[in-house]
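J.: Submitted below is the structure of interest, expressed as structure tokens.
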Amino acid sequence: MQTLTVTLVQGATRWHDAEANRAYYGSLVRHAPASDLFVLPETFLSGFTNQTLGNAESMDGPGVAWARELASEVNATITGSVVIRDGETNFNRMLWVSPDGSLSYYDKRHLFRMANEHHRYGGGDKRLVVELKGWRILPQVCYDLRFPVWLRNGRREEAEGGMDYDLAIFVANWPAPRRQPWRTLLRARAIENLSYVIGVNRVGVDGNDLPYAGDSAVIDPVGEALVELGSLEQVVTVKIDPAPLLAHRERFPAWMDADEFTLR
């Protein structure tokens, strides 16, 4: 595992305007310092919407093509979620786009019923773990943050870090009235899983008049914030050192006492 340079792109997503969002987020990424990974918010091309007609794109559409071109241009991995129509189903799909053009994705499993997301989208059924500079990384989307069983880290002897993942990333459209759970759960997931956690939320007000407070952050394995953003547009680059993570796992191996279970 090498030191990982990550850029948090906390932006004010334009409502239902993919072209404007491509220009906006593209500019934020291009003007940031060099990085290994750029993390954009949930549904960064449209805002968090149930109006999938006109906002959903295919995997062959302009959004994915743009992400591939941008990753190649800045020589970094790009991640964030977009509304994707795959067959007859819409997904809140978190893309993982490498500078060589290769792409993996994770479909949001837990759909936010309080906004009827479960009526408009299909839920994913598989976790994705990707690798970057020796780090094993778990991409997740917004409401997934509330479900610790789905996020439980496990022992993986053959991995350098000794566990299933070393860093969990949550991209979100998490409204300001619920900012305290967001901030609290990011820390809880880091502590209980002996991992770093990154959360990237949007700011501004969306087309449903919901305000967003940002609060994007990088949390270390003991729950301390390495950086925590405010409520304005910000692009912040952070270097994450694997040494404190590996040392913490060695001296505090709580994984040895974890309860075994099987997901259904």
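Residues in the structure tokens are named by chain (A, B, ... in the order shown) and by number from 1 within that chain; ligands are numbered from 1 in the order shown.
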Skipping near chain neighbours, those fewer than 4 positions away, what residues fall within 10 Å of Glu117 in chain A using only C-alpha atoms, listed as a count of residues only?

T.: 12

J.: Residues near range 192-198 of chain A, anyone? I mean within 6 Å using only C-alpha atoms, not counting same-chain ones fewer than 6 positions away, as an NGL selection string.

T.: :A and (153 or 166-169 or 217-221)

J.: Could you name the residues that touch Val82 in chain A at 7 Å or less, counting only C-alpha atoms, but leaving out those on the same chain fewer than 5 positions away, as JSON, numbers by chain?

T.: {"A": [42, 43, 44, 45, 92, 93, 94]}

J.: So that I can see what lies close to Gly162 in chain A, please list as a list of chain:residue names the residues with an atom at most 12 Å from it, counting only C-alpha atoms and leaving out residues fewer than 2 positions away in the same chain.

T.: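 My reading of the contact set: A:Met1, A:Gly134, A:Trp135, A:Arg136, A:Asn153, A:Gly154, A:Arg155, A:Arg156, A:Glu157, A:Glu158, A:Ala159, A:Glu160, A:Asp164, A:Tyr165, A:Asp166, A:Leu194, A:Ser195, A:Leu245, A:Leu246, A:Ala247, A:His248, A:Arg249, A:Glu250, A:Pro253, A:Trp255, A:Met256.
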
J.: Which residue out of A:Glu69, A:Glu19, A:Asp36, A:Asp209 has the minimum interatomic distance to Glu131 in chain A when only C-alpha atoms are used?

T.: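 Smallest distance to Glu131 in chain A is found for A:Asp36.
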
J.: For Leu70 in chain A, please output as a PyMOL selection string all residues within 9 Å (counting only C-alpha atoms; exclusion window: fewer than 6 positions along the same chain).

T.: chain A and resi 26+29-30+76+78+99

J.: Please save N, CA and C atoms of the selected residues as a PDB file, in the first residue's frame.

T.:
ATOM      1  N   GLY A  26     -16.231  19.089 -14.488  1.00  0.00           N
ATOM      2  CA  GLY A  26     -14.992  18.987 -15.249  1.00  0.00           C
ATOM      3  C   GLY A  26     -14.036  20.113 -14.923  1.00  0.00           C
ATOM      4  N   VAL A  29     -12.460  19.615 -11.411  1.00  0.00           N
ATOM      5  CA  VAL A  29     -11.428  18.579 -11.426  1.00  0.00           C
ATOM      6  C   VAL A  29     -10.164  19.088 -12.119  1.00  0.00           C
ATOM      7  N   ARG A  30     -10.324  19.737 -13.253  1.00  0.00           N
ATOM      8  CA  ARG A  30      -9.159  20.183 -14.034  1.00  0.00           C
ATOM      9  C   ARG A  30      -8.332  21.238 -13.297  1.00  0.00           C
ATOM     10  N   ALA A  76      -6.107  10.201 -13.568  1.00  0.00           N
ATOM     11  CA  ALA A  76      -6.559   9.832 -12.229  1.00  0.00           C
ATOM     12  C   ALA A  76      -7.861   9.055 -12.338  1.00  0.00           C
ATOM     13  N   ILE A  78     -11.728   8.492 -11.459  1.00  0.00           N
ATOM     14  CA  ILE A  78     -12.888   9.333 -11.172  1.00  0.00           C
ATOM     15  C   ILE A  78     -13.996   8.442 -10.621  1.00  0.00           C
ATOM     16  N   PRO A  99      -7.932   5.845 -15.372  1.00  0.00           N
ATOM     17  CA  PRO A  99      -7.387   6.654 -16.470  1.00  0.00           C
ATOM     18  C   PRO A  99      -7.126   5.868 -17.749  1.00  0.00           C
TER      19      PRO A  99
END

J.: Give me the residues within 10 Å of range 181-184 of chain A as a list in words, counting only C-alpha atoms and dropping any in the same chain fewer than 3 places off.

T.: Cys142, Tyr143, Leu145, Arg146, Ala172, Trp174, Pro175, Ala176, Pro177, Arg178, Arg187, Ala188, Arg189, Gly199, Asn201, Gly214, Asp215, Ser216, Ala217, Ile219, Gly223, Ala225 and Glu228 of chain A

J.: Take CA of Ile191 in chain A and CA of Leu128 in chain A and report the distance between them in Å, one decimal.

T.: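 We find that CA of Ile191 in chain A and CA of Leu128 in chain A lie 20.5 Å from each other.
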
J.: For Gln51 in chain A, please output as number ranges by chain all residues within 12 Å (counting only C-alpha atoms; exclusion window: fewer than 6 positions along the same chain).

T.: A: 15-16, 83, 90, 115-117, 119-121, 207-208

J.: Output C-alpha atoms for every residue in the selection just made, as a compact mmCIF listing (two decimals), in the first residue's frame.

T.:
# COMPACT_ATOMS: atom_id res chain seq x y z
CA TRP A 15 -30.68 20.44 -11.31
CA HIS A 16 -31.56 18.17 -14.26
CA VAL A 83 -28.61 7.72 -12.98
CA ASN A 90 -32.91 2.46 -13.57
CA ALA A 115 -38.20 9.87 -1.16
CA ASN A 116 -39.73 6.90 -3.05
CA GLU A 117 -36.39 5.96 -4.59
CA HIS A 119 -40.34 2.93 -6.67
CA ARG A 120 -38.13 4.37 -9.43
CA TYR A 121 -34.87 2.45 -9.12
CA GLY A 207 -34.89 21.43 -7.50
CA ASN A 208 -37.01 20.13 -4.62

J.: Can you pull out every residue from range 90-218 of chain A that DSSP, working from the backbone, puts in strand (DSSP E), and format the result as number ranges by chain?

T.: A: 90-97, 103-107, 130-132, 135-141, 167-172, 196-201, 203-205, 211-213, 217-218

J.: Tell me, which residues of range 162-195 of chain A carry DSSP alpha helix (DSSP H), written as a PyMOL selection string?

T.: chain A and resi 179-193

J.: Could you state the separation of CA of Pro62 in chain A and CA of Thr5 in chain A in Å, given to one decimal place?

T.: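 Answer for the CA of Pro62 in chain A to CA of Thr5 in chain A separation: 27.3 Å.
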